[in-house]
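upload_3.csv follows (CSV, C-alpha atoms):
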```csv
chain,number,residue,atom,x,y,z
A,1,MET,CA,30.9,29.1,-14.6
A,2,ASN,CA,29.1,30.4,-11.6
A,3,HIS,CA,28.7,34.1,-12.2
A,4,ASP,CA,25.6,34.5,-10.0
A,5,GLN,CA,27.3,33.4,-6.8
A,6,PRO,CA,31.0,34.2,-7.2
A,7,GLU,CA,31.8,34.1,-3.5
A,8,LYS,CA,29.8,31.1,-2.3
A,9,PHE,CA,32.3,28.5,-3.6
A,10,PRO,CA,35.3,30.6,-4.6
A,11,HIS,CA,37.4,27.6,-5.5
A,12,GLU,CA,34.9,25.6,-7.5
A,13,GLN,CA,36.8,26.2,-10.7
A,14,VAL,CA,39.6,23.9,-9.4
A,15,TRP,CA,37.2,21.1,-8.2
A,16,ARG,CA,37.2,19.5,-11.6
A,17,ARG,CA,39.9,17.4,-13.3
A,18,ASN,CA,42.9,19.2,-14.7
A,19,PRO,CA,41.8,22.7,-13.8
A,20,ALA,CA,45.1,24.3,-14.9
A,21,ALA,CA,45.0,22.6,-18.3
A,22,SER,CA,41.5,23.8,-19.0
A,23,GLY,CA,42.3,27.4,-18.0
A,24,ARG,CA,39.8,27.3,-15.1
A,25,THR,CA,41.9,29.1,-12.5
A,26,GLY,CA,39.2,31.4,-11.1
A,27,PRO,CA,39.3,35.0,-9.9
A,28,GLN,CA,42.9,36.0,-10.5
A,29,THR,CA,42.5,39.5,-9.0
A,30,ARG,CA,41.6,38.2,-5.5
A,31,LEU,CA,44.3,35.5,-5.7
A,32,ALA,CA,46.9,38.1,-6.6
A,33,THR,CA,46.1,40.4,-3.7
A,34,ASP,CA,45.0,38.0,-0.9
A,35,PRO,CA,47.7,35.6,0.3
A,36,GLN,CA,45.2,33.5,2.3
A,37,ALA,CA,43.1,33.0,-0.8
A,38,ARG,CA,46.2,31.9,-2.6
A,39,ALA,CA,47.0,29.4,0.2
A,40,GLU,CA,43.4,28.1,0.1
A,41,ARG,CA,43.6,27.8,-3.7
A,42,ALA,CA,46.8,25.9,-3.5
A,43,LEU,CA,45.3,23.5,-1.0
A,44,GLU,CA,42.2,23.0,-3.2
A,45,MET,CA,44.4,22.3,-6.2
A,46,ALA,CA,46.5,19.9,-4.3
A,47,LEU,CA,43.4,18.0,-3.2
A,48,THR,CA,42.1,17.9,-6.8
A,49,SER,CA,45.5,16.6,-7.9
A,50,MET,CA,45.4,14.0,-5.2
A,51,LEU,CA,42.0,12.8,-6.3
A,52,ASP,CA,43.0,12.8,-9.9
A,53,ARG,CA,46.0,10.6,-9.2
A,54,LEU,CA,44.0,7.9,-7.5
A,55,PRO,CA,44.7,4.8,-9.5
A,56,PRO,CA,41.9,3.3,-11.4
A,57,VAL,CA,40.4,0.1,-9.9
A,58,PRO,CA,41.8,-2.9,-11.7
A,59,ILE,CA,39.3,-4.6,-14.0
A,60,PRO,CA,39.5,-8.3,-14.8
A,61,SER,CA,40.4,-9.0,-18.4
A,62,ASN,CA,37.2,-11.1,-18.9
A,63,PHE,CA,34.9,-8.4,-17.5
A,64,THR,CA,33.2,-7.5,-20.8
A,65,SER,CA,32.8,-11.2,-21.7
A,66,ARG,CA,31.2,-11.9,-18.3
A,67,ILE,CA,28.7,-9.1,-19.0
A,68,LEU,CA,27.9,-10.5,-22.5
A,69,GLN,CA,27.5,-14.0,-21.0
A,70,ALA,CA,25.0,-12.5,-18.4
A,71,VAL,CA,23.1,-10.8,-21.3
A,72,GLU,CA,23.0,-14.1,-23.2
A,73,ARG,CA,21.7,-15.9,-20.1
A,74,GLU,CA,19.1,-13.1,-19.6
A,75,LYS,CA,17.9,-13.5,-23.2
A,76,ALA,CA,17.7,-17.3,-22.8
A,77,ASP,CA,15.6,-16.8,-19.6
A,78,GLN,CA,13.3,-14.4,-21.4
A,79,THR,CA,12.6,-16.9,-24.2
A,80,LEU,CA,11.9,-19.7,-21.7
A,81,LYS,CA,9.4,-17.7,-19.5
A,82,PRO,CA,5.7,-17.8,-20.4
A,83,ALA,CA,4.6,-14.5,-22.1
A,84,GLY,CA,2.0,-13.5,-19.5
A,85,LEU,CA,4.3,-13.7,-16.5
A,86,ARG,CA,7.4,-12.2,-18.0
A,87,PRO,CA,8.4,-8.9,-16.4
A,88,GLY,CA,9.4,-9.8,-12.9
A,89,TRP,CA,6.0,-11.3,-11.7
A,90,ARG,CA,7.9,-13.0,-8.9
A,91,SER,CA,8.6,-9.7,-7.4
A,92,TRP,CA,5.1,-8.1,-7.7
A,93,PHE,CA,2.9,-11.1,-7.2
A,94,PRO,CA,3.6,-11.7,-3.5
A,95,ARG,CA,3.2,-7.9,-2.8
A,96,ALA,CA,-0.1,-7.7,-4.7
A,97,ALA,CA,-1.3,-10.8,-2.8
A,98,PHE,CA,-0.3,-9.3,0.5
A,99,ALA,CA,-1.9,-6.0,-0.4
A,100,GLY,CA,-5.1,-7.8,-1.4
A,101,LEU,CA,-5.2,-9.7,1.8
A,102,LEU,CA,-4.8,-6.5,3.9
A,103,LEU,CA,-7.5,-4.8,1.9
A,104,GLY,CA,-9.9,-7.8,2.3
A,105,THR,CA,-9.3,-8.1,6.0
A,106,GLY,CA,-9.8,-4.3,6.4
A,107,GLY,CA,-13.0,-4.4,4.5
A,108,ILE,CA,-14.4,-7.4,6.5
A,109,VAL,CA,-13.5,-5.7,9.8
A,110,TYR,CA,-15.1,-2.4,8.7
A,111,HIS,CA,-18.3,-4.2,7.6
A,112,GLN,CA,-18.5,-6.0,11.0
A,113,ILE,CA,-18.1,-2.7,12.9
A,114,ILE,CA,-20.9,-1.1,10.8
A,115,ILE,CA,-23.2,-4.1,11.4
A,116,GLY,CA,-22.5,-4.0,15.1
A,117,LYS,CA,-23.4,-0.3,15.3
A,118,ARG,CA,-26.7,-0.9,13.4
A,119,LEU,CA,-27.6,-3.9,15.6
A,120,ALA,CA,-27.0,-1.8,18.8
A,121,LEU,CA,-29.2,1.1,17.4
A,122,ALA,CA,-32.0,-1.4,16.5
A,123,ARG,CA,-31.9,-2.9,20.0
A,124,ASP,CA,-32.1,0.7,21.5
A,125,VAL,CA,-35.1,1.6,19.3
A,126,ALA,CA,-36.8,-1.7,20.2
A,127,ALA,CA,-36.2,-1.1,23.9
A,128,ILE,CA,-37.7,2.4,23.8
A,129,SER,CA,-40.7,1.4,21.7
A,130,GLN,CA,-41.5,-1.4,24.2
A,131,SER,CA,-41.2,0.8,27.3
A,132,GLY,CA,-44.5,2.5,26.5
A,133,LEU,CA,-43.2,6.1,26.9
A,134,TRP,CA,-44.4,7.0,23.4
A,135,PRO,CA,-47.9,8.4,23.0
A,136,ALA,CA,-50.2,6.5,20.7
A,137,PRO,CA,-50.0,7.4,17.0
A,138,GLU,CA,-53.6,8.7,17.0
A,139,VAL,CA,-52.6,11.4,19.5
A,140,LEU,CA,-49.9,12.7,17.2
A,141,GLN,CA,-52.1,12.5,14.0
A,142,ASP,CA,-52.9,16.2,14.0
A,143,PHE,CA,-49.8,17.4,15.8
A,144,ASP,CA,-48.5,19.6,12.9
A,145,THR,CA,-51.9,21.3,12.3
A,146,ILE,CA,-52.5,22.1,16.0
A,147,GLN,CA,-48.9,23.5,16.3
A,148,GLN,CA,-49.6,25.8,13.3
A,149,ILE,CA,-53.0,27.0,14.6
A,150,ASN,CA,-52.0,27.6,18.2
A,151,PRO,CA,-48.4,28.8,18.3
A,152,THR,CA,-46.9,29.0,21.7
A,153,PRO,CA,-47.2,32.7,23.0
A,154,ALA,CA,-44.1,34.6,23.5
A,155,ALA,CA,-42.9,35.0,27.1
A,156,ASP,CA,-44.2,38.3,28.8
A,157,THR,CA,-40.8,39.8,29.8
A,158,GLU,CA,-42.4,42.8,31.6
A,159,LEU,CA,-44.5,40.5,33.8
A,160,LEU,CA,-41.5,38.3,34.5
A,161,ALA,CA,-39.5,41.4,35.5
A,162,LEU,CA,-42.2,42.3,38.1
A,163,LEU,CA,-42.0,38.9,39.8
A,164,PRO,CA,-40.1,39.0,43.1
B,1,MET,CA,22.8,14.3,-29.9
B,2,SER,CA,22.5,11.4,-32.2
B,3,ALA,CA,24.3,13.0,-35.2
B,4,ASP,CA,27.6,11.2,-34.3
B,5,PRO,CA,27.0,7.5,-35.0
B,6,ASN,CA,29.5,6.7,-32.2
B,7,SER,CA,27.8,8.9,-29.6
B,8,ASP,CA,26.4,7.2,-26.6
B,9,ALA,CA,22.8,7.9,-27.6
B,10,ALA,CA,23.4,6.5,-31.1
B,11,LEU,CA,25.0,3.4,-29.6
B,12,MET,CA,22.0,3.0,-27.2
B,13,LEU,CA,19.6,3.3,-30.2
B,14,ARG,CA,21.5,0.4,-31.8
B,15,VAL,CA,21.4,-1.5,-28.5
B,16,LYS,CA,17.6,-1.0,-28.5
B,17,GLU,CA,17.6,-2.9,-31.8
B,18,GLY,CA,19.6,-5.7,-30.3
B,19,ASP,CA,23.0,-4.7,-31.5
B,20,VAL,CA,25.5,-6.5,-29.2
B,21,ALA,CA,28.5,-4.8,-30.7
B,22,ALA,CA,27.1,-1.4,-29.7
B,23,PHE,CA,26.5,-2.7,-26.2
B,24,THR,CA,30.0,-4.0,-26.0
B,25,GLU,CA,31.3,-0.6,-27.0
B,26,LEU,CA,29.4,1.1,-24.3
B,27,VAL,CA,30.5,-1.5,-21.7
B,28,GLU,CA,34.2,-1.0,-22.7
B,29,LYS,CA,33.8,2.8,-22.6
B,30,TYR,CA,32.2,3.0,-19.2
B,31,GLN,CA,33.3,-0.1,-17.2
B,32,GLN,CA,36.2,1.8,-15.6
B,33,PRO,CA,34.2,4.7,-14.2
B,34,VAL,CA,31.4,2.4,-13.1
B,35,ILE,CA,33.7,0.0,-11.3
B,36,ASN,CA,35.6,3.0,-9.7
B,37,LEU,CA,32.4,4.4,-8.3
B,38,ALA,CA,31.2,1.0,-7.1
B,39,TYR,CA,34.5,0.1,-5.5
B,40,ARG,CA,34.8,3.5,-3.7
B,41,SER,CA,31.2,3.1,-2.5
B,42,LEU,CA,31.5,-0.5,-1.3
B,43,ARG,CA,35.2,-0.9,-0.6
B,44,ASP,CA,35.1,-4.5,-1.9
B,45,LEU,CA,36.5,-5.4,-5.3
B,46,THR,CA,34.4,-8.5,-5.9
B,47,GLU,CA,31.2,-6.8,-4.9
B,48,ALA,CA,32.1,-3.8,-7.1
B,49,GLU,CA,32.6,-6.1,-10.1
B,50,ASP,CA,29.3,-7.8,-9.4
B,51,LEU,CA,27.5,-4.5,-9.0
B,52,ALA,CA,29.1,-3.1,-12.2
B,53,GLN,CA,28.0,-6.2,-14.0
B,54,THR,CA,24.4,-5.7,-12.7
B,55,VAL,CA,24.5,-2.1,-13.8
B,56,PHE,CA,25.3,-3.0,-17.4
B,57,LEU,CA,22.8,-5.9,-17.4
B,58,GLN,CA,20.2,-3.4,-16.2
B,59,VAL,CA,21.2,-1.0,-19.0
B,60,TYR,CA,20.7,-3.8,-21.5
B,61,LYS,CA,17.4,-4.8,-20.1
B,62,SER,CA,16.1,-1.2,-19.9
B,63,ALA,CA,17.4,-0.2,-23.3
B,64,ALA,CA,13.9,-0.3,-24.7
B,65,ARG,CA,12.9,2.4,-22.2
B,66,TYR,CA,15.9,4.7,-22.9
B,67,GLN,CA,15.0,8.1,-24.2
B,68,THR,CA,17.6,9.9,-26.3
B,69,THR,CA,16.6,13.1,-24.5
B,70,ALA,CA,18.5,11.8,-21.5
B,71,LYS,CA,22.2,11.8,-21.5
B,72,PHE,CA,23.5,8.2,-21.4
B,73,SER,CA,26.2,8.7,-18.8
B,74,THR,CA,23.7,10.5,-16.5
B,75,TRP,CA,21.3,7.6,-16.9
B,76,LEU,CA,24.1,5.0,-16.4
B,77,PHE,CA,25.5,6.7,-13.2
B,78,THR,CA,21.9,7.0,-11.8
B,79,ILE,CA,21.5,3.2,-12.2
B,80,ALA,CA,24.9,2.7,-10.6
B,81,ARG,CA,24.3,5.0,-7.7
B,82,ASN,CA,20.9,3.4,-7.0
B,83,LEU,CA,22.4,-0.1,-7.0
B,84,CYS,CA,25.2,1.1,-4.7
B,85,LEU,CA,22.6,2.6,-2.3
B,86,ASN,CA,20.6,-0.6,-2.3
B,87,GLU,CA,23.8,-2.6,-1.4
B,88,ILE,CA,24.7,-0.1,1.3
B,89,ARG,CA,21.2,-0.4,2.8
B,90,ARG,CA,21.4,-4.2,2.5
B,91,ARG,CA,24.7,-4.2,4.4
B,92,THR,CA,23.2,-2.0,7.1
B,93,ARG,CA,20.3,-4.4,7.5
B,94,HIS,CA,22.5,-7.5,7.5
B,95,PRO,CA,26.0,-6.5,8.6
B,96,ALA,CA,28.6,-9.1,7.8
B,97,GLN,CA,31.5,-9.7,10.2
B,98,SER,CA,34.9,-9.3,8.7
B,99,LEU,CA,37.3,-12.2,8.8
B,100,ASP,CA,39.8,-9.8,10.3
B,101,TYR,CA,37.5,-9.2,13.3
B,102,ALA,CA,39.4,-10.2,16.5
B,103,HIS,CA,37.9,-13.0,18.5
B,104,PRO,CA,37.1,-11.9,22.1
B,105,ASP,CA,39.1,-14.8,23.6
B,106,GLN,CA,42.2,-13.9,21.6
B,107,SER,CA,41.9,-10.1,21.7
B,108,ASP,CA,45.6,-9.8,22.8
B,109,GLN,CA,46.7,-11.7,19.7
B,110,PRO,CA,47.6,-9.8,16.5
B,111,LEU,CA,45.1,-10.4,13.7
B,112,ARG,CA,47.9,-11.4,11.3
B,113,GLN,CA,51.5,-12.1,11.7
B,114,PHE,CA,54.0,-11.1,9.0
B,115,GLU,CA,57.6,-12.1,8.5
B,116,ASP,CA,59.9,-9.5,9.9
B,117,ILE,CA,61.9,-8.5,6.8
B,118,LYS,CA,64.8,-6.3,7.8
B,119,ASN,CA,64.2,-3.7,5.2
B,120,PHE,CA,64.6,-0.2,6.6
B,121,SER,CA,64.4,1.7,3.3
B,122,PRO,CA,60.9,1.1,1.9
B,123,PRO,CA,60.6,1.9,-1.7
B,124,ASP,CA,58.9,5.0,-2.8
B,125,ASN,CA,55.9,3.2,-4.2
B,126,LEU,CA,55.2,1.9,-0.6
B,127,LEU,CA,54.8,5.5,0.5
B,128,GLN,CA,52.7,6.2,-2.5
B,129,ARG,CA,50.4,3.2,-1.6
B,130,GLU,CA,50.1,4.4,1.9
B,131,LEU,CA,49.0,7.8,0.7
B,132,GLU,CA,46.5,6.2,-1.7
B,133,ALA,CA,45.1,4.1,1.2
B,134,LYS,CA,44.7,7.3,3.3
B,135,ILE,CA,42.8,9.0,0.5
B,136,GLU,CA,40.6,5.9,-0.1
B,137,GLN,CA,39.9,5.7,3.6
B,138,ALA,CA,39.0,9.4,3.8
B,139,LEU,CA,36.7,9.0,0.8
B,140,ALA,CA,35.1,6.0,2.3
B,141,ASP,CA,34.4,7.8,5.6
B,142,LEU,CA,32.4,10.6,3.8
B,143,PRO,CA,28.6,10.4,3.8
B,144,GLU,CA,27.4,8.6,0.6
B,145,ASN,CA,26.0,11.6,-1.2
B,146,GLN,CA,29.2,13.7,-0.6
B,147,ARG,CA,31.4,10.9,-1.7
B,148,THR,CA,29.4,10.2,-4.9
B,149,ALA,CA,29.3,13.9,-5.7
B,150,ILE,CA,33.1,14.2,-5.4
B,151,LEU,CA,33.6,11.0,-7.5
B,152,LEU,CA,31.2,12.1,-10.2
B,153,CYS,CA,32.9,15.5,-10.2
B,154,ARG,CA,36.0,13.7,-11.5
B,155,GLN,CA,34.0,12.6,-14.6
B,156,GLU,CA,34.7,15.3,-17.1
B,157,GLU,CA,31.6,14.7,-19.2
B,158,LEU,CA,29.2,15.3,-16.3
B,159,SER,CA,28.1,18.9,-15.6
B,160,TYR,CA,27.1,19.9,-12.1
B,161,GLU,CA,23.5,19.8,-13.3
B,162,GLU,CA,23.9,16.2,-14.4
B,163,ILE,CA,25.7,15.3,-11.2
B,164,GLY,CA,22.7,16.8,-9.4
B,165,PHE,CA,20.3,14.7,-11.6
B,166,VAL,CA,22.2,11.6,-10.5
B,167,LEU,CA,22.0,12.6,-6.8
B,168,GLY,CA,18.5,13.9,-7.1
B,169,CYS,CA,19.2,17.4,-6.0
B,170,SER,CA,19.7,20.9,-7.3
B,171,ILE,CA,22.9,22.4,-8.7
B,172,SER,CA,23.5,24.5,-5.6
B,173,ALA,CA,22.9,21.5,-3.4
B,174,THR,CA,25.3,19.5,-5.5
B,175,LYS,CA,28.0,22.1,-5.2
B,176,SER,CA,27.3,22.3,-1.5
B,177,LEU,CA,27.8,18.6,-1.1
B,178,ILE,CA,31.1,18.7,-3.0
B,179,HIS,CA,32.3,21.7,-1.0
B,180,ARG,CA,31.5,20.0,2.4
B,181,GLY,CA,33.0,16.7,1.2
B,182,ARG,CA,36.2,18.5,0.1
B,183,GLU,CA,36.4,20.4,3.4
B,184,THR,CA,36.3,17.1,5.3
B,185,LEU,CA,38.9,15.6,3.0
B,186,LYS,CA,41.2,18.6,3.4
B,187,GLN,CA,41.0,18.3,7.2
B,188,LYS,CA,41.8,14.6,7.1
B,189,LEU,CA,44.5,14.8,4.5
B,190,LYS,CA,46.0,18.1,5.5
B,191,PRO,CA,49.5,16.7,6.5
B,192,TYR,CA,49.8,15.0,3.1
B,193,LEU,CA,48.5,18.1,1.1
B,194,HIS,CA,51.1,20.3,2.9
B,195,SER,CA,53.9,17.8,2.6
B,196,GLY,CA,54.2,18.3,-1.1
B,197,ALA,CA,53.8,14.6,-1.7
B,198,TRP,CA,50.9,15.5,-4.0
B,199,PRO,CA,51.8,18.8,-5.5
B,200,PRO,CA,49.2,20.8,-7.4
B,201,PRO,CA,49.6,20.6,-11.2
B,202,SER,CA,51.9,23.2,-12.5
```
Starting from the file, give its structure as structure tokens.
Amino acid sequence: MNHDQPEKFPHEQVWRRNPAASGRTGPQTRLATDPQARAERALEMALTSMLDRLPPVPIPSNFTSRILQAVEREKADQTLKPAGLRPGWRSWFPRAAFAGLLLGTGGIVYHQIIIGKRLALARDVAAISQSGLWPAPEVLQDFDTIQQINPTPAADTELLALLP
Amino acid sequence: MSADPNSDAALMLRVKEGDVAAFTELVEKYQQPVINLAYRSLRDLTEAEDLAQTVFLQVYKSAARYQTTAKFSTWLFTIARNLCLNEIRRRTRHPAQSLDYAHPDQSDQPLRQFEDIKNFSPPDNLLQRELEAKIEQALADLPENQRTAILLCRQEELSYEEIGFVLGCSISATKSLIHRGRETLKQKLKPYLHSGAWPPPS
């Protein structure tokens, strides 16, 4: 049964019901030579036998009819329910409503946070523009052109090195 | 699989078409193993019966979704095990106090008093019942997955692969669960196993 791992569960052949009857008695060579393996096997077989002899749980004589009655009730319920709400809407509707509420609340909170950040940014920009630190727009009109014509000269490293 | 008109798959195909006789046949075939599993998982006969009833009702309701590629018994025991797990989880969340629980004010009183019948030679079946109770208790004390693996292992028609499918684990993990469960049982039941009260089959 388990040729790949013969030693991992050496007694697995006797785990199932009626191992002796089905001829699943395992590695006979080891059992014949190893008395400890024989004792373990006997214990395993006794446990299997013990489990096999557990009596079945008593079943009431009307068990099948109770199930059939439950099926009939189920069928009757199905015919009474409106078609659109049939498959267990009572179970999913509250969950869906709760999930919707959570999503909606989350969306509103997120929106409020974004609006708050934008308002703070707008207030900062307004404060800076009113402080008069910015030069007039006319001064900056030709800024790009002047920057291209008169690039900043590179630092004279030799002169800097001579400085005390 | 469906060549035999009385095979489980063929019966389920008939159940799909609303055949109550086929459903009755399946119920009668599997009610014993399902109730056994439910009882040994829940240790309450009434709850086990109710759960088994729910299992079969679920089978009937889900018949339309049944695929003949899946073995019926594997599918059935998967439903049974899931419902058992739900019930065990529900009990953990809402533990019920047993009526046998001793009241703190009367802790020195015995829970029940029985008539002292002067019978010093108990019949053999009393010993047998005591042994059965020990095994049931040892099984009940096992972790759920080990107990279910051992109980399903007693179902001849289920292979290790199918037991693994029910338990949601691989074949080697299934064998490992059975092995560990049996080791625990052997430790607990060693005196009875050695006593010869339950001799191995000849």
Would you give me, as a ChimeraX atom specification, the residues of chain A that come within 7 Å of chain B, using all atoms listed in the file? /A:16-17,20,42-43,45-47,49-50,54,56-57,64,67,71
Computed interatomic separation between CA of Thr68 (chain B) and CA of Thr79 (chain A) (Å): 27.3 Å
Could you check how far CA of Trp75 (chain B) sits from CA of Glu162 (chain B), in Å to one decimal? 9.3 Å
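The spacing separating CA of Glu40 (chain A) from CA of Ile171 (chain B) amounts to 23.0 Å.
Considering the residues B:Leu13, B:Leu126, B:Ala138, B:Val59 and counting all atoms listed in the file, Thr78 (chain B) has its shortest atom-to-atom contact with B:Val59.
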